[in-house]
>>> print(open('data-v8.txt').read())   # compact mmCIF, C-alpha atoms
# COMPACT_ATOMS: atom_id res chain seq x y z
CA ILE A 14 -55.78 -1.32 -66.69
CA SER A 15 -55.98 2.46 -66.59
CA VAL A 16 -53.17 4.91 -65.98
CA ARG A 17 -53.82 7.95 -63.84
CA LYS A 18 -51.02 10.47 -64.36
CA ASN A 19 -49.37 12.16 -61.40
CA MET A 20 -50.25 15.86 -61.64
CA GLY A 21 -48.06 16.90 -58.70
CA THR A 22 -50.71 17.00 -55.98
CA TYR A 23 -53.33 14.65 -57.42
CA PHE A 24 -53.87 11.98 -60.08
CA ASP A 25 -55.80 12.83 -63.25
CA GLY A 26 -59.00 11.03 -64.33
CA GLY A 27 -57.11 8.26 -66.07
CA THR A 28 -56.72 6.74 -69.51
CA HIS A 29 -57.53 3.17 -70.51
CA TRP A 30 -54.37 1.25 -71.56
CA SER A 31 -55.16 -2.48 -71.53
CA THR A 32 -57.95 -4.96 -70.86
CA GLY A 33 -58.41 -8.62 -69.94
CA TRP A 34 -56.36 -8.73 -66.73
CA GLY A 35 -59.16 -9.43 -64.22
CA ARG A 36 -57.84 -12.88 -63.40
CA PHE A 37 -54.44 -11.42 -62.39
CA VAL A 38 -55.63 -9.23 -59.51
CA THR A 39 -54.92 -11.48 -56.50
CA GLY A 40 -52.30 -13.81 -57.95
CA ASN A 41 -54.42 -16.82 -57.02
CA ASP A 42 -56.00 -17.38 -60.45
CA MET A 43 -53.91 -16.71 -63.59
CA GLY A 44 -50.94 -14.93 -62.05
CA ARG A 45 -49.76 -11.53 -60.87
CA LEU A 46 -48.93 -8.21 -62.53
CA TYR A 47 -46.08 -5.87 -61.61
CA PHE A 48 -45.09 -2.45 -62.91
CA ALA A 49 -41.45 -1.36 -63.12
CA ASP A 50 -39.11 0.16 -65.70
CA ILE A 51 -37.57 -2.94 -67.27
CA THR A 52 -36.37 -1.28 -70.48
CA GLY A 53 -34.52 1.65 -68.89
CA ASP A 54 -36.47 4.35 -70.74
CA GLY A 55 -37.82 5.93 -67.55
CA LYS A 56 -41.37 4.55 -68.03
CA ALA A 57 -42.90 1.68 -66.05
CA ASP A 58 -43.52 -1.45 -68.10
CA LEU A 59 -46.08 -4.21 -67.40
CA ILE A 60 -44.55 -7.43 -66.08
CA VAL A 61 -46.80 -10.49 -66.36
CA HIS A 62 -46.02 -13.36 -63.97
CA GLY A 63 -48.23 -16.29 -64.92
CA THR A 64 -49.11 -19.26 -62.73
CA ASP A 65 -47.42 -21.33 -65.46
CA GLY A 66 -44.16 -19.83 -64.17
CA ASN A 67 -43.46 -17.62 -67.18
CA ILE A 68 -42.49 -13.99 -66.82
CA SER A 69 -43.01 -11.69 -69.78
CA VAL A 70 -42.47 -7.98 -70.22
CA ARG A 71 -44.95 -5.75 -72.04
CA LYS A 72 -43.17 -2.50 -72.92
CA ASN A 73 -44.76 0.84 -72.16
CA MET A 74 -45.51 2.42 -75.56
CA GLY A 75 -46.78 5.73 -74.15
CA THR A 76 -50.52 4.98 -74.35
CA TYR A 77 -50.57 1.17 -74.22
CA PHE A 78 -48.41 -1.87 -73.44
CA ASP A 79 -47.07 -3.91 -76.36
CA GLY A 80 -47.81 -7.63 -76.90
CA GLY A 81 -44.97 -8.74 -74.65
CA THR A 82 -41.71 -10.66 -74.78
CA HIS A 83 -40.86 -13.80 -72.79
CA TRP A 84 -38.04 -13.16 -70.28
CA SER A 85 -37.93 -16.04 -67.79
CA THR A 86 -39.58 -19.32 -66.81
CA GLY A 87 -39.91 -21.58 -63.76
CA TRP A 88 -41.49 -19.09 -61.33
CA GLY A 89 -44.97 -20.67 -60.94
CA ARG A 90 -44.46 -21.42 -57.26
CA PHE A 91 -43.59 -17.76 -56.54
CA VAL A 92 -46.85 -16.14 -57.70
CA THR A 93 -48.76 -15.92 -54.40
CA GLY A 94 -45.81 -15.87 -51.99
CA ASN A 95 -47.31 -18.79 -50.08
CA ASP A 96 -45.35 -21.63 -51.73
CA MET A 97 -41.67 -21.10 -52.61
CA GLY A 98 -41.43 -17.35 -52.05
CA ARG A 99 -42.13 -13.97 -53.63
CA LEU A 100 -40.72 -11.95 -56.52
CA TYR A 101 -40.08 -8.20 -56.66
CA PHE A 102 -38.86 -5.92 -59.44
CA ALA A 103 -36.64 -2.90 -58.71
CA ASP A 104 -33.40 -1.42 -60.02
CA ILE A 105 -30.80 -2.93 -57.69
CA THR A 106 -27.76 -2.34 -59.92
CA GLY A 107 -28.35 1.37 -60.63
CA ASP A 108 -28.40 1.00 -64.43
CA GLY A 109 -31.95 2.36 -64.78
CA LYS A 110 -33.49 -1.07 -65.48
CA ALA A 111 -35.47 -3.07 -62.93
CA ASP A 112 -33.89 -6.33 -61.81
CA LEU A 113 -35.63 -9.46 -60.49
CA ILE A 114 -35.40 -9.91 -56.71
CA VAL A 115 -36.13 -13.43 -55.48
CA HIS A 116 -37.25 -13.75 -51.85
CA GLY A 117 -37.42 -17.44 -50.97
CA THR A 118 -39.36 -18.99 -48.09
CA ASP A 119 -35.95 -20.26 -46.94
CA GLY A 120 -35.22 -16.61 -46.06
CA ASN A 121 -32.66 -16.03 -48.81
CA ILE A 122 -32.79 -12.98 -51.06
CA SER A 123 -31.01 -13.05 -54.39
CA VAL A 124 -30.80 -10.55 -57.22
CA ARG A 125 -31.08 -11.56 -60.87
CA LYS A 126 -29.70 -8.75 -62.98
CA ASN A 127 -31.65 -7.38 -65.94
CA MET A 128 -29.60 -8.29 -69.02
CA GLY A 129 -31.84 -6.47 -71.53
CA THR A 130 -33.92 -9.45 -72.65
CA TYR A 131 -33.59 -11.85 -69.70
CA PHE A 132 -32.53 -12.01 -66.04
CA ASP A 133 -29.17 -13.60 -65.20
CA GLY A 134 -28.70 -16.61 -62.90
CA GLY A 135 -28.66 -14.52 -59.75
CA THR A 136 -26.40 -13.58 -56.86
CA HIS A 137 -27.11 -14.15 -53.15
CA TRP A 138 -27.55 -10.84 -51.26
CA SER A 139 -29.11 -11.56 -47.85
CA THR A 140 -30.46 -14.29 -45.59
CA GLY A 141 -32.82 -14.69 -42.63
CA TRP A 142 -35.99 -13.22 -44.17
CA GLY A 143 -38.21 -16.33 -44.27
CA ARG A 144 -40.76 -14.87 -41.86
CA PHE A 145 -41.22 -11.79 -44.10
CA VAL A 146 -42.39 -13.52 -47.31
CA THR A 147 -46.19 -13.44 -46.94
CA GLY A 148 -46.46 -10.36 -44.73
CA ASN A 149 -48.57 -12.33 -42.24
CA ASP A 150 -45.81 -13.40 -39.82
CA MET A 151 -43.10 -10.88 -38.93
CA GLY A 152 -43.78 -8.27 -41.61
CA ARG A 153 -43.12 -7.45 -45.24
CA LEU A 154 -40.17 -6.39 -47.38
CA ARG A 155 -40.28 -3.73 -50.10
CA PHE A 156 -37.64 -2.32 -52.42
CA GLY A 157 -37.06 1.26 -53.54
CA ASP A 158 -34.33 3.90 -53.75
CA THR A 159 -34.16 5.74 -50.43
CA THR A 160 -30.66 7.17 -50.72
CA GLY A 161 -31.06 8.75 -54.17
CA ASP A 162 -28.13 6.85 -55.68
CA GLY A 163 -30.31 5.10 -58.29
CA LYS A 164 -30.06 1.70 -56.59
CA ALA A 165 -33.04 0.17 -54.75
CA ASP A 166 -32.63 -0.36 -51.02
CA MET A 167 -34.58 -2.85 -48.89
CA TYR A 168 -37.41 -1.63 -46.63
CA VAL A 169 -38.28 -3.81 -43.65
CA HIS A 170 -41.78 -3.22 -42.24
CA VAL A 171 -42.29 -5.10 -38.97
CA ILE A 172 -45.89 -6.01 -38.00
CA GLY A 173 -46.41 -5.65 -34.22
CA THR A 174 -44.10 -2.66 -33.68
CA GLY A 175 -44.89 -0.85 -36.94
CA GLU A 176 -41.22 -0.07 -37.43
CA VAL A 177 -39.95 0.65 -40.92
CA SER A 178 -36.21 0.31 -41.41
CA VAL A 179 -34.11 0.83 -44.50
CA ARG A 180 -31.21 -1.44 -45.34
CA LYS A 181 -28.98 0.40 -47.79
CA ASN A 182 -27.89 -1.26 -51.03
CA MET A 183 -24.12 -1.72 -50.72
CA GLY A 184 -23.62 -3.14 -54.23
CA THR A 185 -23.63 -6.84 -53.33
CA TYR A 186 -25.57 -6.88 -50.05
CA PHE A 187 -27.89 -4.77 -47.87
CA ASP A 188 -26.39 -3.13 -44.75
CA GLY A 189 -27.59 -3.71 -41.16
CA GLY A 190 -30.35 -1.13 -41.45
CA THR A 191 -31.49 2.17 -40.01
CA LEU A 192 -34.83 2.72 -38.29
CA MET A 193 -36.71 5.35 -40.31
CA VAL A 194 -40.14 5.56 -38.69
CA THR A 195 -42.57 3.77 -36.39
CA LEU A 196 -46.13 3.75 -37.70
>>> encode(input="data-v8.txt", output="structure tokens")
Amino acid sequence: ISVRKNMGTYFDGGTHWSTGWGRFVTGNDMGRLYFADITGDGKADLIVHGTDGNISVRKNMGTYFDGGTHWSTGWGRFVTGNDMGRLYFADITGDGKADLIVHGTDGNISVRKNMGTYFDGGTHWSTGWGRFVTGNDMGRLRFGDTTGDGKADMYVHVIGTGEVSVRKNMGTYFDGGTLMVTL
């Protein structure tokens, strides 16, 4: 893993940070990697989601990721998105720390709040998104802060039409959405 710093209009040549993650590229072998600020220090951390179902967080130390801390278990069937669903990491609560978003194949989306060393039991936020899990059917969901309030909103990218809509984070649910662009 190398980090290429954002220089404003380009990315620099990069610096080596970590090695040994080749079997985590597709999610089909050892697991999947994510990058989000879990600790709330403004720097993206490395989140390791193993096929064994464990999720661990490796803190960003400025030039490398630490050895990691176990945060959650039981997510083995969520690695590829083709079995039970897909996981995302984004700051839903607005506290500066990424939360765990669970997108089940049943179409339900729940948020598990970042409690500092683990994710809580979760709260249901939305339903009807079963055909958006893999990205191969109706489209794909993404999460990021569109409104600038510090809380991640839900992006809905529809295949076929190319429409991208934003459903604003209302604190316990996402609103009905606003069409932003058609690609």
>>> closest_residue(input="data-v8.txt", among="A:Arg45, A:Thr39, A:His116, A:Thr130", to="His83 of chain A", atoms="all atoms listed in the file")
A:Thr130
>>> closest_atom_pairs(input="data-v8.txt", of="segment 109-165 of chain A", to="segment 58-72 of chain A", cutoff="12 Å", atoms="only C-alpha atoms", output="JSON lines")
{"residue": "A:Lys110", "atom": "CA", "partner": "A:Asp58", "partner_atom": "CA", "distance": 10.4}
{"residue": "A:Ala111", "atom": "CA", "partner": "A:Asp58", "partner_atom": "CA", "distance": 9.7}
{"residue": "A:Asp112", "atom": "CA", "partner": "A:Ile60", "partner_atom": "CA", "distance": 11.5}
{"residue": "A:Leu113", "atom": "CA", "partner": "A:Ile68", "partner_atom": "CA", "distance": 10.4}
{"residue": "A:Asn127", "atom": "CA", "partner": "A:Val70", "partner_atom": "CA", "distance": 11.7}
{"residue": "A:Gly129", "atom": "CA", "partner": "A:Val70", "partner_atom": "CA", "distance": 10.8}
{"residue": "A:Thr130", "atom": "CA", "partner": "A:Val70", "partner_atom": "CA", "distance": 9.0}
{"residue": "A:Tyr131", "atom": "CA", "partner": "A:Ser69", "partner_atom": "CA", "distance": 9.4}
{"residue": "A:Phe132", "atom": "CA", "partner": "A:Ile68", "partner_atom": "CA", "distance": 10.2}
>>> residues_near_point(input="data-v8.txt", point="(-42.7, -8.5, -41.1)", cutoff="12 Å", atoms="all atoms listed in the file", output="ChimeraX atom specification")
/A:141-155,168-178
>>> write_last_selection(input="data-v8.txt", atoms="C-alpha atoms", output="PDB file, keeping the file's coordinate frame")
ATOM      1  CA  GLY A 141     -32.820 -14.690 -42.630  1.00  0.00           C
ATOM      2  CA  TRP A 142     -35.990 -13.220 -44.170  1.00  0.00           C
ATOM      3  CA  GLY A 143     -38.210 -16.330 -44.270  1.00  0.00           C
ATOM      4  CA  ARG A 144     -40.760 -14.870 -41.860  1.00  0.00           C
ATOM      5  CA  PHE A 145     -41.220 -11.790 -44.100  1.00  0.00           C
ATOM      6  CA  VAL A 146     -42.390 -13.520 -47.310  1.00  0.00           C
ATOM      7  CA  THR A 147     -46.190 -13.440 -46.940  1.00  0.00           C
ATOM      8  CA  GLY A 148     -46.460 -10.360 -44.730  1.00  0.00           C
ATOM      9  CA  ASN A 149     -48.570 -12.330 -42.240  1.00  0.00           C
ATOM     10  CA  ASP A 150     -45.810 -13.400 -39.820  1.00  0.00           C
ATOM     11  CA  MET A 151     -43.100 -10.880 -38.930  1.00  0.00           C
ATOM     12  CA  GLY A 152     -43.780  -8.270 -41.610  1.00  0.00           C
ATOM     13  CA  ARG A 153     -43.120  -7.450 -45.240  1.00  0.00           C
ATOM     14  CA  LEU A 154     -40.170  -6.390 -47.380  1.00  0.00           C
ATOM     15  CA  ARG A 155     -40.280  -3.730 -50.100  1.00  0.00           C
ATOM     16  CA  TYR A 168     -37.410  -1.630 -46.630  1.00  0.00           C
ATOM     17  CA  VAL A 169     -38.280  -3.810 -43.650  1.00  0.00           C
ATOM     18  CA  HIS A 170     -41.780  -3.220 -42.240  1.00  0.00           C
ATOM     19  CA  VAL A 171     -42.290  -5.100 -38.970  1.00  0.00           C
ATOM     20  CA  ILE A 172     -45.890  -6.010 -38.000  1.00  0.00           C
ATOM     21  CA  GLY A 173     -46.410  -5.650 -34.220  1.00  0.00           C
ATOM     22  CA  THR A 174     -44.100  -2.660 -33.680  1.00  0.00           C
ATOM     23  CA  GLY A 175     -44.890  -0.850 -36.940  1.00  0.00           C
ATOM     24  CA  GLU A 176     -41.220  -0.070 -37.430  1.00  0.00           C
ATOM     25  CA  VAL A 177     -39.950   0.650 -40.920  1.00  0.00           C
ATOM     26  CA  SER A 178     -36.210   0.310 -41.410  1.00  0.00           C
TER      27      SER A 178
END
>>> residues_around(input="data-v8.txt", residues="Ala165 of chain A", least_positions_apart="2", cutoff="9 Å", atoms="only C-alpha atoms", output="PyMOL selection string")
chain A and resi 103-107+156-163+167+181-182
>>> atom_distance(input="data-v8.txt", atom1="atom CA of Leu100 of chain A", atom2="atom CA of Val115 of chain A")
4.9 Å
>>> closest_residue(input="data-v8.txt", among="A:Tyr186, A:Phe91, A:Trp84, A:Phe78", to="Val124 of chain A", atoms="all atoms listed in the file")
A:Tyr186
>>> atom_distance(input="data-v8.txt", atom1="atom CA of Thr82 of chain A", atom2="atom CA of Met128 of chain A")
13.6 Å
>>> atom_distance(input="data-v8.txt", atom1="atom CA of Gly109 of chain A", atom2="atom CA of Ala49 of chain A")
10.3 Å
>>> closest_residue(input="data-v8.txt", among="A:Ala57, A:Val92, A:Met74, A:Ile14", to="Met43 of chain A", atoms="only C-alpha atoms")
A:Val92
>>> closest_residue(input="data-v8.txt", among="A:Gly94, A:Gly55, A:Trp138, A:Phe102", to="Gly117 of chain A", atoms="only C-alpha atoms")
A:Gly94
>>> axis_aligned_box(input="data-v8.txt", around="segment 119-122 of chain A", padding_each_side="4 Å", output="JSON")
{"center_x": -34.3, "center_y": -16.6, "center_z": -48.6, "size_x": 11.3, "size_y": 15.3, "size_z": 13.0}
>>> build_atoms(input="data-v8.txt", residues="segment 26-37 of chain A", atoms="all heavy atoms", output="mmCIF file, in the frame of the given file")
data_model
loop_
_atom_site.group_PDB
_atom_site.id
_atom_site.type_symbol
_atom_site.label_atom_id
_atom_site.label_comp_id
_atom_site.auth_asym_id
_atom_site.auth_seq_id
_atom_site.Cartn_x
_atom_site.Cartn_y
_atom_site.Cartn_z
ATOM 1 N N GLY A 26 -57.869 11.937 -64.207
ATOM 2 C CA GLY A 26 -59.000 11.030 -64.330
ATOM 3 C C GLY A 26 -58.684 9.675 -64.928
ATOM 4 O O GLY A 26 -59.460 8.749 -64.840
ATOM 5 N N GLY A 27 -57.543 9.548 -65.569
ATOM 6 C CA GLY A 27 -57.110 8.260 -66.070
ATOM 7 C C GLY A 27 -57.393 8.024 -67.535
ATOM 8 O O GLY A 27 -58.300 8.616 -68.117
ATOM 9 N N THR A 28 -56.594 7.154 -68.120
ATOM 10 C CA THR A 28 -56.720 6.740 -69.510
ATOM 11 C C THR A 28 -56.633 5.229 -69.576
ATOM 12 O O THR A 28 -55.747 4.628 -68.968
ATOM 13 C CB THR A 28 -55.588 7.360 -70.371
ATOM 14 O OG1 THR A 28 -55.582 8.767 -70.186
ATOM 15 C CG2 THR A 28 -55.754 7.025 -71.826
ATOM 16 N N HIS A 29 -57.530 4.616 -70.328
ATOM 17 C CA HIS A 29 -57.530 3.170 -70.510
ATOM 18 C C HIS A 29 -56.305 2.745 -71.338
ATOM 19 O O HIS A 29 -56.029 3.326 -72.374
ATOM 20 C CB HIS A 29 -58.814 2.741 -71.229
ATOM 21 C CG HIS A 29 -58.803 1.306 -71.634
ATOM 22 N ND1 HIS A 29 -59.070 0.302 -70.738
ATOM 23 C CD2 HIS A 29 -58.522 0.702 -72.810
ATOM 24 C CE1 HIS A 29 -58.961 -0.852 -71.358
ATOM 25 N NE2 HIS A 29 -58.637 -0.638 -72.617
ATOM 26 N N TRP A 30 -55.564 1.732 -70.863
ATOM 27 C CA TRP A 30 -54.370 1.250 -71.560
ATOM 28 C C TRP A 30 -54.485 -0.194 -72.004
ATOM 29 O O TRP A 30 -53.917 -0.581 -73.004
ATOM 30 C CB TRP A 30 -53.146 1.400 -70.669
ATOM 31 C CG TRP A 30 -52.520 2.750 -70.692
ATOM 32 C CD1 TRP A 30 -53.160 3.955 -70.641
ATOM 33 C CD2 TRP A 30 -51.134 3.044 -70.765
ATOM 34 N NE1 TRP A 30 -52.252 4.968 -70.670
ATOM 35 C CE2 TRP A 30 -50.991 4.439 -70.742
ATOM 36 C CE3 TRP A 30 -49.999 2.253 -70.827
ATOM 37 C CZ2 TRP A 30 -49.765 5.070 -70.790
ATOM 38 C CZ3 TRP A 30 -48.758 2.879 -70.872
ATOM 39 C CH2 TRP A 30 -48.647 4.277 -70.853
ATOM 40 N N SER A 31 -55.142 -1.044 -71.215
ATOM 41 C CA SER A 31 -55.160 -2.480 -71.530
ATOM 42 C C SER A 31 -56.363 -3.126 -70.865
ATOM 43 O O SER A 31 -56.894 -2.615 -69.877
ATOM 44 C CB SER A 31 -53.863 -3.127 -71.044
ATOM 45 O OG SER A 31 -53.734 -4.453 -71.476
ATOM 46 N N THR A 32 -56.786 -4.261 -71.396
ATOM 47 C CA THR A 32 -57.950 -4.960 -70.860
ATOM 48 C C THR A 32 -57.676 -6.462 -70.776
ATOM 49 O O THR A 32 -56.706 -6.956 -71.352
ATOM 50 C CB THR A 32 -59.183 -4.674 -71.742
ATOM 51 O OG1 THR A 32 -60.339 -5.194 -71.089
ATOM 52 C CG2 THR A 32 -59.062 -5.291 -73.116
ATOM 53 N N GLY A 33 -58.512 -7.169 -70.030
ATOM 54 C CA GLY A 33 -58.410 -8.620 -69.940
ATOM 55 C C GLY A 33 -57.555 -9.140 -68.809
ATOM 56 O O GLY A 33 -57.180 -10.316 -68.809
ATOM 57 N N TRP A 34 -57.263 -8.336 -67.815
ATOM 58 C CA TRP A 34 -56.360 -8.730 -66.730
ATOM 59 C C TRP A 34 -57.086 -9.020 -65.422
ATOM 60 O O TRP A 34 -56.462 -9.118 -64.376
ATOM 61 C CB TRP A 34 -55.305 -7.652 -66.518
ATOM 62 C CG TRP A 34 -54.476 -7.425 -67.734
ATOM 63 C CD1 TRP A 34 -54.575 -6.378 -68.611
ATOM 64 C CD2 TRP A 34 -53.453 -8.272 -68.245
ATOM 65 N NE1 TRP A 34 -53.670 -6.518 -69.625
ATOM 66 C CE2 TRP A 34 -52.959 -7.681 -69.432
ATOM 67 C CE3 TRP A 34 -52.905 -9.480 -67.826
ATOM 68 C CZ2 TRP A 34 -51.948 -8.251 -70.189
ATOM 69 C CZ3 TRP A 34 -51.889 -10.044 -68.585
ATOM 70 C CH2 TRP A 34 -51.424 -9.434 -69.743
ATOM 71 N N GLY A 35 -58.392 -9.204 -65.438
ATOM 72 C CA GLY A 35 -59.160 -9.430 -64.220
ATOM 73 C C GLY A 35 -58.722 -10.643 -63.422
ATOM 74 O O GLY A 35 -58.794 -10.641 -62.198
ATOM 75 N N ARG A 36 -58.236 -11.659 -64.091
ATOM 76 C CA ARG A 36 -57.840 -12.880 -63.400
ATOM 77 C C ARG A 36 -56.401 -12.822 -62.862
ATOM 78 O O ARG A 36 -55.859 -13.812 -62.387
ATOM 79 C CB ARG A 36 -58.026 -14.073 -64.327
ATOM 80 C CG ARG A 36 -59.520 -14.277 -64.659
ATOM 81 C CD ARG A 36 -59.776 -15.423 -65.577
ATOM 82 N NE ARG A 36 -59.457 -16.684 -64.932
ATOM 83 C CZ ARG A 36 -59.426 -17.846 -65.571
ATOM 84 N NH1 ARG A 36 -59.721 -17.904 -66.857
ATOM 85 N NH2 ARG A 36 -59.115 -18.953 -64.938
ATOM 86 N N PHE A 37 -55.796 -11.619 -62.904
ATOM 87 C CA PHE A 37 -54.440 -11.420 -62.390
ATOM 88 C C PHE A 37 -54.420 -10.530 -61.147
ATOM 89 O O PHE A 37 -53.353 -10.148 -60.682
ATOM 90 C CB PHE A 37 -53.554 -10.785 -63.468
ATOM 91 C CG PHE A 37 -53.149 -11.744 -64.555
ATOM 92 C CD1 PHE A 37 -54.012 -12.070 -65.580
ATOM 93 C CD2 PHE A 37 -51.894 -12.325 -64.547
ATOM 94 C CE1 PHE A 37 -53.646 -12.952 -66.582
ATOM 95 C CE2 PHE A 37 -51.510 -13.209 -65.549
ATOM 96 C CZ PHE A 37 -52.393 -13.523 -66.562
#
